[in-house]
file run37.cif (mmCIF, C-alpha atoms)
data_entry
loop_
_atom_site.label_atom_id
_atom_site.label_comp_id
_atom_site.auth_asym_id
_atom_site.auth_seq_id
_atom_site.Cartn_x
_atom_site.Cartn_y
_atom_site.Cartn_z
CA MET A 1 -137.61 -39.40 -13.85
CA ALA A 2 -138.33 -42.77 -12.30
CA ILE A 3 -136.20 -44.27 -9.55
CA SER A 4 -134.86 -47.66 -10.51
CA ASN A 5 -134.35 -48.61 -6.86
CA PRO A 6 -136.30 -46.66 -4.25
CA MET A 7 -133.49 -47.13 -1.72
CA ARG A 8 -130.98 -45.27 -3.88
CA ALA A 9 -132.05 -41.93 -5.32
CA SER A 10 -129.93 -39.90 -7.71
CA VAL A 11 -129.89 -36.14 -7.83
CA ALA A 12 -132.15 -35.99 -10.90
CA ASP A 13 -134.93 -38.01 -9.27
CA CYS A 14 -137.98 -35.92 -8.45
CA ARG A 15 -139.71 -38.68 -6.42
CA LEU A 16 -137.24 -39.18 -3.60
CA PRO A 17 -138.18 -41.73 -0.92
CA ILE A 18 -138.92 -38.96 1.52
CA ALA A 19 -140.19 -41.37 4.16
CA ASP A 20 -136.58 -42.42 4.72
CA PHE A 21 -135.88 -38.91 6.06
CA SER A 22 -139.16 -38.08 7.82
CA TYR A 23 -137.76 -39.05 11.22
CA ILE A 24 -134.30 -37.50 10.80
CA ASP A 25 -133.39 -34.78 13.28
CA ALA A 26 -129.58 -34.92 13.06
CA TRP A 27 -127.66 -34.41 9.82
CA ALA A 28 -123.96 -35.24 9.53
CA PHE A 29 -121.90 -34.17 6.53
CA ASP A 30 -118.37 -35.05 5.56
CA LEU A 31 -116.39 -32.00 4.41
CA ASP A 32 -113.92 -32.62 1.57
CA ASN A 33 -115.46 -33.70 -1.74
CA THR A 34 -118.89 -33.68 -0.08
CA LEU A 35 -119.87 -30.13 0.85
CA TYR A 36 -117.94 -28.99 -2.23
CA PRO A 37 -117.74 -31.01 -5.48
CA ALA A 38 -114.66 -33.13 -6.06
CA ASP A 39 -114.31 -31.79 -9.59
CA CYS A 40 -113.17 -28.39 -8.27
CA ASN A 41 -109.90 -30.26 -7.50
CA LEU A 42 -109.32 -28.72 -4.07
CA PHE A 43 -108.54 -32.10 -2.61
CA ARG A 44 -105.91 -32.60 -5.29
CA GLU A 45 -104.05 -29.73 -3.66
CA ILE A 46 -104.29 -31.41 -0.26
CA ASP A 47 -103.23 -34.72 -1.77
CA ALA A 48 -100.15 -33.19 -3.38
CA ARG A 49 -99.15 -31.56 -0.10
CA MET A 50 -99.46 -34.88 1.70
CA THR A 51 -97.00 -36.38 -0.76
CA ALA A 52 -94.66 -33.40 -0.31
CA TYR A 53 -94.85 -33.73 3.48
CA ILE A 54 -93.89 -37.41 3.34
CA GLU A 55 -91.08 -36.68 0.90
CA THR A 56 -89.60 -34.04 3.22
CA HIS A 57 -90.21 -35.51 6.65
CA ILE A 58 -89.35 -39.13 5.86
CA GLY A 59 -86.67 -38.27 3.33
CA ILE A 60 -87.72 -40.33 0.33
CA ALA A 61 -88.08 -39.68 -3.39
CA PRO A 62 -91.37 -38.24 -4.72
CA ASP A 63 -92.52 -41.45 -6.42
CA HIS A 64 -91.77 -43.48 -3.29
CA ALA A 65 -93.55 -40.87 -1.16
CA ARG A 66 -96.61 -41.11 -3.34
CA ARG A 67 -96.75 -44.90 -3.11
CA LEU A 68 -96.26 -44.79 0.66
CA GLN A 69 -98.99 -42.18 1.02
CA LYS A 70 -101.57 -44.33 -0.73
CA ASP A 71 -100.48 -47.49 1.04
CA LEU A 72 -100.89 -45.81 4.43
CA TYR A 73 -104.23 -44.39 3.35
CA VAL A 74 -105.63 -47.80 2.46
CA ARG A 75 -104.25 -49.65 5.48
CA HIS A 76 -104.94 -47.05 8.18
CA GLY A 77 -108.00 -45.17 6.93
CA THR A 78 -106.12 -41.91 6.44
CA THR A 79 -102.57 -41.02 5.49
CA LEU A 80 -102.25 -39.18 8.81
CA ALA A 81 -103.23 -42.23 10.86
CA GLY A 82 -100.59 -44.28 9.04
CA LEU A 83 -97.91 -41.64 9.56
CA MET A 84 -98.75 -41.41 13.25
CA ASN A 85 -98.79 -45.18 13.72
CA GLU A 86 -95.69 -46.02 11.68
CA HIS A 87 -93.59 -42.84 11.62
CA ALA A 88 -94.50 -40.94 14.82
CA VAL A 89 -95.54 -37.86 12.86
CA ASP A 90 -96.99 -34.91 14.81
CA PRO A 91 -100.62 -34.67 13.62
CA GLU A 92 -100.94 -30.93 14.23
CA ASP A 93 -97.83 -30.26 12.13
CA PHE A 94 -99.07 -32.50 9.33
CA LEU A 95 -102.53 -30.96 9.19
CA ALA A 96 -101.20 -27.40 9.27
CA PHE A 97 -98.99 -28.20 6.27
CA VAL A 98 -101.48 -30.11 4.12
CA HIS A 99 -104.30 -27.62 4.70
CA ASP A 100 -102.20 -24.61 3.71
CA ILE A 101 -103.93 -24.41 0.33
CA ASP A 102 -105.62 -22.00 -2.06
CA LEU A 103 -109.40 -22.18 -1.63
CA SER A 104 -110.19 -20.03 -4.65
CA VAL A 105 -111.07 -23.12 -6.71
CA VAL A 106 -114.10 -23.68 -4.47
CA ALA A 107 -117.15 -21.84 -5.78
CA PRO A 108 -119.30 -20.17 -3.10
CA ASN A 109 -122.60 -22.00 -2.67
CA PRO A 110 -124.87 -19.98 -0.36
CA LEU A 111 -127.90 -21.86 -1.68
CA LEU A 112 -126.55 -25.03 -0.10
CA GLY A 113 -126.24 -23.19 3.20
CA GLU A 114 -129.82 -21.97 2.96
CA ARG A 115 -131.11 -25.45 2.24
CA ILE A 116 -129.13 -27.09 5.03
CA CYS A 117 -130.48 -24.42 7.41
CA ALA A 118 -134.00 -25.35 6.32
CA LEU A 119 -133.59 -28.99 7.31
CA PRO A 120 -135.22 -29.78 10.66
CA GLY A 121 -132.91 -30.53 13.56
CA ARG A 122 -129.19 -30.18 14.17
CA LYS A 123 -126.43 -30.22 11.55
CA PHE A 124 -122.81 -31.30 11.94
CA VAL A 125 -119.64 -31.52 9.90
CA PHE A 126 -117.96 -34.87 10.65
CA THR A 127 -114.51 -34.83 9.09
CA ASN A 128 -111.17 -36.63 9.14
CA GLY A 129 -109.61 -33.19 8.70
CA SER A 130 -109.16 -30.34 11.17
CA THR A 131 -111.72 -27.88 12.50
CA GLY A 132 -109.64 -25.00 11.14
CA HIS A 133 -109.72 -26.44 7.63
CA ALA A 134 -113.45 -27.12 7.90
CA GLU A 135 -114.17 -23.58 9.05
CA ARG A 136 -112.17 -22.05 6.19
CA VAL A 137 -113.89 -24.23 3.59
CA MET A 138 -117.33 -23.54 5.05
CA ALA A 139 -116.61 -19.81 5.05
CA ARG A 140 -115.59 -20.01 1.39
CA LEU A 141 -118.77 -21.91 0.52
CA GLY A 142 -120.92 -19.59 2.60
CA VAL A 143 -122.43 -22.41 4.67
CA GLY A 144 -120.80 -22.02 8.07
CA HIS A 145 -123.94 -20.55 9.66
CA ALA A 146 -125.87 -23.71 8.78
CA PHE A 147 -123.96 -25.98 11.15
CA ASP A 148 -124.16 -26.48 14.89
CA ALA A 149 -120.68 -27.97 15.32
CA VAL A 150 -117.66 -29.56 13.68
CA PHE A 151 -116.46 -32.95 14.89
CA ASP A 152 -112.92 -33.26 13.58
CA ILE A 153 -110.09 -35.77 13.71
CA LYS A 154 -108.73 -34.35 16.96
CA ALA A 155 -112.13 -34.74 18.63
CA ALA A 156 -112.01 -38.34 17.38
CA ASP A 157 -108.73 -38.82 19.28
CA TRP A 158 -106.97 -39.05 15.90
CA ARG A 159 -108.93 -42.20 15.03
CA PRO A 160 -110.42 -41.68 11.55
CA LYS A 161 -113.52 -42.75 9.73
CA PRO A 162 -114.30 -45.50 8.74
CA LEU A 163 -113.59 -46.95 12.21
CA ARG A 164 -116.74 -47.92 14.09
CA GLU A 165 -115.33 -46.49 17.33
CA THR A 166 -115.05 -43.08 15.67
CA TYR A 167 -118.74 -43.10 14.79
CA ASP A 168 -119.56 -44.19 18.34
CA ARG A 169 -117.49 -41.30 19.69
CA PHE A 170 -119.14 -38.83 17.31
CA LEU A 171 -122.66 -39.94 18.19
CA ALA A 172 -121.96 -39.86 21.93
CA HIS A 173 -120.17 -36.51 21.82
CA CYS A 174 -123.02 -34.86 19.90
CA ALA A 175 -125.82 -36.75 21.70
CA ILE A 176 -127.20 -38.16 18.44
CA ALA A 177 -129.57 -41.11 18.17
CA PRO A 178 -128.22 -42.99 15.12
CA LYS A 179 -131.62 -44.16 13.89
CA ARG A 180 -132.71 -40.51 13.74
CA ALA A 181 -129.59 -39.39 11.88
CA ALA A 182 -128.43 -39.14 8.27
CA MET A 183 -124.80 -39.31 7.15
CA PHE A 184 -123.48 -37.83 3.89
CA ASP A 185 -120.03 -38.84 2.63
CA ASP A 186 -118.18 -39.16 -0.67
CA ILE A 187 -116.40 -42.42 0.23
CA ALA A 188 -118.56 -45.54 0.39
CA GLN A 189 -116.31 -47.24 2.93
CA ASN A 190 -116.92 -44.36 5.34
CA LEU A 191 -120.65 -45.08 5.33
CA ALA A 192 -120.42 -48.74 6.34
CA ALA A 193 -120.24 -48.08 10.08
CA ALA A 194 -122.97 -45.44 9.83
CA TYR A 195 -125.25 -47.96 8.14
CA ALA A 196 -124.46 -50.64 10.72
CA LEU A 197 -125.42 -48.21 13.47
CA GLY A 198 -128.78 -47.52 11.84
CA MET A 199 -128.06 -44.14 10.26
CA THR A 200 -129.57 -43.26 6.88
CA THR A 201 -126.65 -43.10 4.45
CA VAL A 202 -126.17 -40.83 1.44
CA LEU A 203 -123.22 -41.24 -0.92
CA VAL A 204 -122.17 -38.05 -2.70
CA ALA A 205 -120.70 -38.91 -6.11
CA SER A 206 -118.60 -36.87 -8.53
CA ALA A 207 -117.47 -37.20 -12.11
CA ALA A 208 -114.02 -35.74 -11.29
CA ALA A 209 -111.45 -37.38 -13.56
CA TRP A 210 -108.81 -37.74 -10.83
CA VAL A 211 -111.07 -39.98 -8.73
CA ALA A 212 -110.38 -42.97 -10.97
CA ASP A 213 -106.67 -42.80 -10.00
CA GLU A 214 -107.38 -43.25 -6.30
CA PRO A 215 -107.14 -46.67 -4.59
CA ALA A 216 -110.32 -48.57 -5.35
CA GLU A 217 -111.02 -49.28 -1.68
CA LYS A 218 -110.91 -45.62 -0.71
CA ARG A 219 -111.74 -43.51 -3.74
CA PRO A 220 -114.50 -40.91 -3.79
CA ALA A 221 -117.69 -42.17 -5.36
CA LEU A 222 -118.37 -41.98 -9.07
CA PRO A 223 -121.87 -41.60 -10.57
CA GLY A 224 -123.43 -45.03 -10.87
CA ASP A 225 -121.70 -46.49 -7.81
CA ARG A 226 -124.00 -48.70 -5.75
CA HIS A 227 -123.38 -50.42 -2.41
CA ALA A 228 -125.59 -52.51 -0.17
CA HIS A 229 -124.91 -50.23 2.81
CA VAL A 230 -125.76 -47.02 0.93
CA HIS A 231 -129.40 -45.97 0.97
CA HIS A 232 -129.15 -43.02 -1.44
CA VAL A 233 -126.71 -41.72 -4.04
CA THR A 234 -126.57 -38.19 -5.41
CA ASP A 235 -124.22 -36.29 -7.68
CA ASP A 236 -125.63 -32.90 -6.66
CA LEU A 237 -125.85 -32.32 -2.93
CA THR A 238 -127.56 -28.94 -3.25
CA ALA A 239 -130.38 -30.36 -5.36
CA PHE A 240 -130.74 -33.40 -3.12
CA ILE A 241 -131.09 -31.28 0.01
CA GLY A 242 -133.46 -28.98 -1.86
CA ALA A 243 -135.74 -31.92 -2.65
CA LEU A 244 -135.75 -32.98 0.99
CA VAL A 245 -136.60 -29.45 2.13
CA ALA A 246 -139.35 -29.10 -0.48
CA ALA A 247 -140.93 -32.36 0.65
CA ARG A 248 -141.17 -31.01 4.19
CA GLN A 249 -143.13 -27.94 3.12
CA PRO A 250 -146.87 -28.10 3.86
CA ALA A 251 -149.07 -28.64 0.84
CA THR A 252 -150.98 -25.61 -0.42
CA ALA A 253 -154.43 -25.66 -1.88
#
call {"tool": "encode", "arguments": {"input": "run37.cif", "output": "structure tokens"}}
result
Amino acid sequence: MAISNPMRASVADCRLPIADFSYIDAWAFDLDNTLYPADCNLFREIDARMTAYIETHIGIAPDHARRLQKDLYVRHGTTLAGLMNEHAVDPEDFLAFVHDIDLSVVAPNPLLGERICALPGRKFVFTNGSTGHAERVMARLGVGHAFDAVFDIKAADWRPKPLRETYDRFLAHCAIAPKRAAMFDDIAQNLAAAYALGMTTVLVASAAAWVADEPAEKRPALPGDRHAHVHHVTDDLTAFIGALVAARQPATA
């Protein structure tokens, strides 16, 4: 299939602009709705528990809690950041509650782990969630062995993506040269700072029905989304990584 714009490749494209990745030696992946597909609805469980936490700890009705949750999310980058800034919520308590979820909806994907392992260089999970949550999800997927480290919201001093300072902290902490790094995320806004820093950006889209109900500024990507600061778009991370790995293999006679 032909690529309509060589700077934005979809999962089905078999002629990826491999040159964009030839110099990459650091690979950063968001966790939720990126390493696993949004249509498994795991994040819906987390989202519901965030609403429940607000309802209980602030003492407001469910519909009000839901509205407040999304308002904080849009204005502060994450619901947690808003709760910390405006309601003095303990972040450890919040994360322990919202990540107490059933992971059985996530299908194991050992092939993804194999393909990430085959990429040259170091691999990181860069998440606005906790390391504990990331480790449990990676174990469920069967990809934990593929990663060198997790950079979580605590390591970011509770300052979430999409803040530029959080990317600066991540790059410095992991000793990553941004122009030799690729960033994968499901939220376009989270890739803006990465692009500005010179990272190659990949937006991971999903056809999950619930995505359309999220605030437009912060929703996970849908197939067909395009943004000036996004170099590539895929709706199948495993296939996309597979194409990159295949392109690195030496040609045979």
call {"tool": "closest_atom_pairs", "arguments": {"input": "run37.cif", "of": "stretch 126-240 of chain A", "to": "stretch 80-103 of chain A", "cutoff": "9 Å", "atoms": "all atoms listed in the file", "output": "Markdown table"}}
result
| residue | atom | partner | partner_atom | distance |
| --- | --- | --- | --- | --- |
| A:Gly129 | CA | A:Leu95 | CA | 7.4 |
| A:Ser130 | CA | A:Leu95 | CA | 6.9 |
| A:Gly132 | CA | A:His99 | CA | 8.8 |
| A:His133 | CA | A:His99 | CA | 6.3 |
| A:Arg136 | CA | A:Leu103 | CA | 8.3 |
| A:Val137 | CA | A:Leu103 | CA | 7.2 |
| A:Arg140 | CA | A:Leu103 | CA | 7.2 |
| A:Lys154 | CA | A:Pro91 | CA | 8.8 |
| A:Trp158 | CA | A:Ala81 | CA | 7.0 |
| A:Arg159 | CA | A:Ala81 | CA | 7.1 |
| A:Pro160 | CA | A:Ala81 | CA | 7.2 |
call {"tool": "write_last_selection", "arguments": {"input": "run37.cif", "atoms": "C-alpha atoms", "output": "CSV table (one decimal), in the frame of the given file"}}
result
chain,number,residue,atom,x,y,z
A,129,GLY,CA,-109.6,-33.2,8.7
A,130,SER,CA,-109.2,-30.3,11.2
A,132,GLY,CA,-109.6,-25.0,11.1
A,133,HIS,CA,-109.7,-26.4,7.6
A,136,ARG,CA,-112.2,-22.0,6.2
A,137,VAL,CA,-113.9,-24.2,3.6
A,140,ARG,CA,-115.6,-20.0,1.4
A,154,LYS,CA,-108.7,-34.4,17.0
A,158,TRP,CA,-107.0,-39.0,15.9
A,159,ARG,CA,-108.9,-42.2,15.0
A,160,PRO,CA,-110.4,-41.7,11.6
call {"tool": "resolve_selection", "arguments": {"input": "run37.cif", "expression": "the PyMOL selection byres ((chain A and resi 106) around 9)", "output": "VMD selection string"}}
result
chain A and resid 36 to 37 40 to 42 102 to 105 107 to 109 137 140 to 141
call {"tool": "write_last_selection", "arguments": {"input": "run37.cif", "atoms": "C-alpha atoms", "output": "PDB file, in the frame of the given file"}}
result
ATOM      1  CA  TYR A  36    -117.940 -28.990  -2.230  1.00  0.00           C
ATOM      2  CA  PRO A  37    -117.740 -31.010  -5.480  1.00  0.00           C
ATOM      3  CA  CYS A  40    -113.170 -28.390  -8.270  1.00  0.00           C
ATOM      4  CA  ASN A  41    -109.900 -30.260  -7.500  1.00  0.00           C
ATOM      5  CA  LEU A  42    -109.320 -28.720  -4.070  1.00  0.00           C
ATOM      6  CA  ASP A 102    -105.620 -22.000  -2.060  1.00  0.00           C
ATOM      7  CA  LEU A 103    -109.400 -22.180  -1.630  1.00  0.00           C
ATOM      8  CA  SER A 104    -110.190 -20.030  -4.650  1.00  0.00           C
ATOM      9  CA  VAL A 105    -111.070 -23.120  -6.710  1.00  0.00           C
ATOM     10  CA  ALA A 107    -117.150 -21.840  -5.780  1.00  0.00           C
ATOM     11  CA  PRO A 108    -119.300 -20.170  -3.100  1.00  0.00           C
ATOM     12  CA  ASN A 109    -122.600 -22.000  -2.670  1.00  0.00           C
ATOM     13  CA  VAL A 137    -113.890 -24.230   3.590  1.00  0.00           C
ATOM     14  CA  ARG A 140    -115.590 -20.010   1.390  1.00  0.00           C
ATOM     15  CA  LEU A 141    -118.770 -21.910   0.520  1.00  0.00           C
TER      16      LEU A 141
END
call {"tool": "resolve_selection", "arguments": {"input": "run37.cif", "expression": "the PyMOL selection byres ((chain A and resi 215-222) around 8)", "output": "ChimeraX atom specification"}}
result
/A:33,70,73-74,186-189,203-208,211-214,223-225
call {"tool": "resolve_selection", "arguments": {"input": "run37.cif", "expression": "the PyMOL selection byres ((chain A and resi 150) around 8)", "output": "MDAnalysis selection string"}}
result
chainID A and resid 124:127 131 134 147:149 151:152
call {"tool": "atom_distance", "arguments": {"input": "run37.cif", "atom1": "atom CA of A:Tyr195", "atom2": "atom CA of A:Arg169"}}
result
15.4 Å
call {"tool": "atom_distance", "arguments": {"input": "run37.cif", "atom1": "atom CA of A:Asp20", "atom2": "atom CA of A:Met183"}}
result
12.4 Å
call {"tool": "closest_residue", "arguments": {"input": "run37.cif", "among": "A:Ala247, A:Ala172, A:Ala146, A:Leu31", "to": "A:Phe184", "atoms": "all atoms listed in the file"}}
result
A:Leu31
call {"tool": "closest_residue", "arguments": {"input": "run37.cif", "among": "A:Ile60, A:Leu237, A:Ala193, A:Met199", "to": "A:Ala181", "atoms": "all atoms listed in the file"}}
result
A:Met199
call {"tool": "atom_distance", "arguments": {"input": "run37.cif", "atom1": "atom CA of A:Arg115", "atom2": "atom CA of A:Gly242"}}
result
5.9 Å
call {"tool": "closest_residue", "arguments": {"input": "run37.cif", "among": "A:Ala28, A:Phe21, A:Thr79, A:Met138", "to": "A:Leu191", "atoms": "all atoms listed in the file"}}
result
A:Ala28
call {"tool": "closest_residue", "arguments": {"input": "run37.cif", "among": "A:Glu45, A:Asp63, A:Asp71, A:Asp168", "to": "A:Asp32", "atoms": "all atoms listed in the file"}}
result
A:Glu45
call {"tool": "residues_around", "arguments": {"input": "run37.cif", "residues": "stretch 177-179 of chain A", "least_positions_apart": "6", "cutoff": "9 Å", "atoms": "only C-alpha atoms", "output": "list in words"}}
result
Tyr23, Ile24, Asp25, Ala26, Leu171, Ala194, Leu197, Gly198, Met199 and Thr200 of chain A
call {"tool": "closest_residue", "arguments": {"input": "run37.cif", "among": "A:Arg75, A:Lys161, A:His231, A:Arg49", "to": "A:Val202", "atoms": "only C-alpha atoms"}}
result
A:His231
call {"tool": "closest_residue", "arguments": {"input": "run37.cif", "among": "A:Ala209, A:Leu119, A:His145, A:Ala139", "to": "A:Ala246", "atoms": "only C-alpha atoms"}}
result
A:Leu119
